[in-house]
Amino acid sequence: MSEWTPKLNAIAAGVVVAFGFTMVWNPIPVSWAAMAGVGFTVLLVWLGSTPGYVWAWAFLFLGLESLSWPLVEIIKLRMSGVTEPSEEQMKDLVPTLFMGVICATFFLAFAYGVFRWIKRGEQATEPPDEPPPKV
């Protein structure tokens with residue numbers, strides 16, 4: 001595998017993770033979205049030695065973003081000065097909560113599966129331990 005393959009995958013995964021970040025913090029300034037994209041891409045280049053690791057980390061970040069989505073919505077309400085959400089605001093929060101938990105469960109489970117798949121592949125390629133010599 002060439003050196004640029006993990007980096008190219010890290011760029012693509014960084015864009016996907018930054019897109020998820022902008023969906024969670026919508027509306028967000030374009031400069032913040034660009035900084036998040038560059039930051040996630042650099043982090044994925046550093047963490048991912050293979051394309052599999054890059055995407056496993058990207059799915060892990062997407063799962064954490066999905067898990068934080070309902071909390072971000074509550075923080076936005078609190079920052080706007082709302083102490084008790086109205087019925088209409090609660091109707092908007094409940095689907096966000098369910099979708100955030102469902103998406104987080106999917107992405108975190110998928111990341112776990114990819115990490116396990118990589119680990120099994122690495123263990124299969126290792127040479128078996130030789131038994132100790134008999135004395």
# chains A, B, ... in the order shown; residues from 1 in each chain; ligands from 1
call {"tool": "residues_around", "arguments": {"residues": "range 47-63 of chain A", "least_positions_apart": "5", "cutoff": "10 Å", "atoms": "only C-alpha atoms", "output": "CSV table (one decimal) with N, CA and C atoms, in the first residue's frame"}}
result
chain,number,residue,atom,x,y,z
A,1,MET,N,0.9,-1.2,0.0
A,1,MET,CA,0.0,0.0,0.0
A,1,MET,C,0.9,1.2,0.0
A,2,SER,N,0.5,2.2,-0.8
A,2,SER,CA,1.4,3.4,-0.9
A,2,SER,C,1.1,4.3,0.3
A,3,GLU,N,2.0,5.3,0.5
A,3,GLU,CA,2.0,6.2,1.6
A,3,GLU,C,0.8,7.2,1.5
A,5,THR,N,-2.3,6.6,0.4
A,5,THR,CA,-3.6,6.0,0.5
A,5,THR,C,-4.3,6.4,1.9
A,6,PRO,N,-3.6,6.2,3.0
A,6,PRO,CA,-4.2,6.6,4.3
A,6,PRO,C,-4.5,8.1,4.4
A,7,LYS,N,-3.6,8.9,3.8
A,7,LYS,CA,-3.8,10.4,3.8
A,7,LYS,C,-5.0,10.8,3.0
A,8,LEU,N,-5.1,10.2,1.8
A,8,LEU,CA,-6.3,10.5,1.0
A,8,LEU,C,-7.6,10.1,1.7
A,9,ASN,N,-7.6,8.9,2.3
A,9,ASN,CA,-8.7,8.5,3.1
A,9,ASN,C,-9.0,9.4,4.3
A,10,ALA,N,-7.9,9.9,4.9
A,10,ALA,CA,-8.0,10.8,6.0
A,10,ALA,C,-8.7,12.1,5.6
A,11,ILE,N,-8.4,12.6,4.4
A,11,ILE,CA,-9.0,13.8,3.9
A,11,ILE,C,-10.5,13.6,3.7
A,12,ALA,N,-10.8,12.5,3.0
A,12,ALA,CA,-12.2,12.2,2.8
A,12,ALA,C,-13.0,12.0,4.1
A,13,ALA,N,-12.4,11.3,5.1
A,13,ALA,CA,-13.0,11.0,6.4
A,13,ALA,C,-13.1,12.3,7.1
A,14,GLY,N,-12.1,13.2,7.0
A,14,GLY,CA,-12.2,14.5,7.7
A,14,GLY,C,-13.3,15.4,7.2
A,15,VAL,N,-13.5,15.3,5.9
A,15,VAL,CA,-14.7,16.1,5.3
A,15,VAL,C,-16.0,15.5,5.9
A,16,VAL,N,-16.1,14.2,5.9
A,16,VAL,CA,-17.4,13.6,6.4
A,16,VAL,C,-17.6,13.9,7.9
A,17,VAL,N,-16.5,13.8,8.7
A,17,VAL,CA,-16.6,14.2,10.2
A,17,VAL,C,-16.9,15.7,10.3
A,18,ALA,N,-16.3,16.5,9.5
A,18,ALA,CA,-16.6,18.0,9.6
A,18,ALA,C,-18.0,18.3,9.2
A,19,PHE,N,-18.5,17.6,8.2
A,19,PHE,CA,-19.9,17.7,7.8
A,19,PHE,C,-20.8,17.4,9.0
A,20,GLY,N,-20.5,16.3,9.7
A,20,GLY,CA,-21.3,15.9,10.8
A,20,GLY,C,-21.2,16.9,11.9
A,21,PHE,N,-20.1,17.5,12.1
A,21,PHE,CA,-19.9,18.5,13.1
A,21,PHE,C,-20.7,19.8,12.8
A,40,PHE,N,-10.0,17.8,12.1
A,40,PHE,CA,-10.3,16.4,12.1
A,40,PHE,C,-9.4,15.7,11.1
A,41,THR,N,-9.1,16.3,10.0
A,41,THR,CA,-8.2,15.7,9.0
A,41,THR,C,-6.8,15.4,9.5
A,42,VAL,N,-6.3,16.4,10.2
A,42,VAL,CA,-4.9,16.3,10.8
A,42,VAL,C,-5.0,15.2,11.9
A,68,SER,N,-23.6,13.7,21.1
A,68,SER,CA,-23.6,15.1,21.7
A,68,SER,C,-24.7,15.9,21.1
A,69,TRP,N,-25.3,15.5,20.0
A,69,TRP,CA,-26.3,16.3,19.3
A,69,TRP,C,-27.4,16.8,20.2
A,100,GLY,N,-30.4,11.1,17.8
A,100,GLY,CA,-29.0,11.2,18.3
A,100,GLY,C,-28.5,9.9,18.9
A,101,VAL,N,-29.4,9.3,19.8
A,101,VAL,CA,-29.0,8.0,20.4
A,101,VAL,C,-29.0,6.9,19.4
A,102,ILE,N,-29.9,6.9,18.5
A,102,ILE,CA,-29.9,5.8,17.4
A,102,ILE,C,-28.7,5.9,16.5
A,103,CYS,N,-28.4,7.1,16.1
A,103,CYS,CA,-27.2,7.3,15.2
A,103,CYS,C,-25.9,7.0,15.9
A,104,ALA,N,-25.9,7.5,17.2
A,104,ALA,CA,-24.7,7.2,18.0
A,104,ALA,C,-24.5,5.7,18.2
A,105,THR,N,-25.5,5.0,18.5
A,105,THR,CA,-25.4,3.6,18.7
A,105,THR,C,-24.9,2.9,17.4
A,106,PHE,N,-25.4,3.3,16.2
A,106,PHE,CA,-25.0,2.8,15.0
A,106,PHE,C,-23.5,3.0,14.7
A,107,PHE,N,-23.1,4.3,14.8
A,107,PHE,CA,-21.7,4.7,14.5
A,107,PHE,C,-20.7,4.1,15.5
A,108,LEU,N,-21.1,4.1,16.7
A,108,LEU,CA,-20.2,3.5,17.7
A,108,LEU,C,-20.0,2.0,17.6
A,109,ALA,N,-21.1,1.3,17.3
A,109,ALA,CA,-21.1,-0.1,17.1
A,109,ALA,C,-20.3,-0.4,15.8
A,110,PHE,N,-20.5,0.4,14.8
A,110,PHE,CA,-19.8,0.2,13.5
A,110,PHE,C,-18.3,0.4,13.7
A,111,ALA,N,-17.9,1.5,14.5
A,111,ALA,CA,-16.5,1.7,14.7
A,111,ALA,C,-15.9,0.6,15.5
A,112,TYR,N,-16.6,0.1,16.5
A,112,TYR,CA,-16.2,-1.1,17.3
A,112,TYR,C,-15.9,-2.3,16.4
A,113,GLY,N,-16.9,-2.5,15.5
A,113,GLY,CA,-16.7,-3.7,14.6
A,113,GLY,C,-15.5,-3.5,13.7
A,114,VAL,N,-15.3,-2.3,13.2
A,114,VAL,CA,-14.1,-2.1,12.3
A,114,VAL,C,-12.8,-2.3,13.1
A,115,PHE,N,-12.8,-1.8,14.3
A,115,PHE,CA,-11.5,-2.0,15.1
A,115,PHE,C,-11.3,-3.4,15.4
A,116,ARG,N,-12.4,-4.2,15.7
A,116,ARG,CA,-12.2,-5.6,15.9
A,116,ARG,C,-11.8,-6.4,14.6
A,117,TRP,N,-12.3,-6.0,13.5
A,117,TRP,CA,-12.0,-6.6,12.2
A,117,TRP,C,-10.5,-6.3,11.9
A,118,ILE,N,-10.0,-5.1,12.2
A,118,ILE,CA,-8.6,-4.8,12.0
A,118,ILE,C,-7.7,-5.7,12.9
call {"tool": "atom_distance", "arguments": {"atom1": "CA of Trp4 in chain A", "atom2": "CA of Arg120 in chain A"}}
result
24.2 Å
call {"tool": "atom_distance", "arguments": {"atom1": "CA of Leu71 in chain A", "atom2": "CA of Met99 in chain A"}}
result
12.3 Å
call {"tool": "atom_distance", "arguments": {"atom1": "CA of Ile75 in chain A", "atom2": "CA of Val38 in chain A"}}
result
24.9 Å
call {"tool": "closest_residue", "arguments": {"among": "A:Met35, A:Leu44, A:Val72, A:Met90", "to": "Met23 in chain A", "atoms": "only C-alpha atoms"}}
result
A:Val72
call {"tool": "select_by_dssp", "arguments": {"residues": "range 9-134 of chain A", "states": "helix (DSSP H, G or I)", "output": "JSON, numbers by chain"}}
result
{"A": [9, 10, 11, 12, 13, 14, 15, 16, 17, 18, 19, 20, 21, 22, 23, 24, 30, 31, 32, 33, 34, 35, 36, 37, 38, 39, 40, 41, 42, 43, 44, 45, 46, 47, 51, 52, 53, 54, 55, 56, 57, 58, 59, 60, 61, 62, 63, 64, 65, 66, 67, 68, 69, 70, 71, 72, 73, 74, 75, 76, 77, 78, 79, 87, 88, 89, 90, 91, 92, 93, 94, 95, 96, 97, 98, 99, 100, 101, 102, 103, 104, 105, 106, 107, 108, 109, 110, 111, 112, 113, 114, 115, 116, 117, 118, 119, 120, 121, 122, 123, 124, 125]}
call {"tool": "closest_residue", "arguments": {"among": "A:Glu65, A:Lys76, A:Glu126, A:Gly39", "to": "Thr22 in chain A", "atoms": "only C-alpha atoms"}}
result
A:Glu65
call {"tool": "closest_residue", "arguments": {"among": "A:Trp32, A:Ala124, A:Trp25, A:Glu73", "to": "Pro95 in chain A", "atoms": "only C-alpha atoms"}}
result
A:Glu73
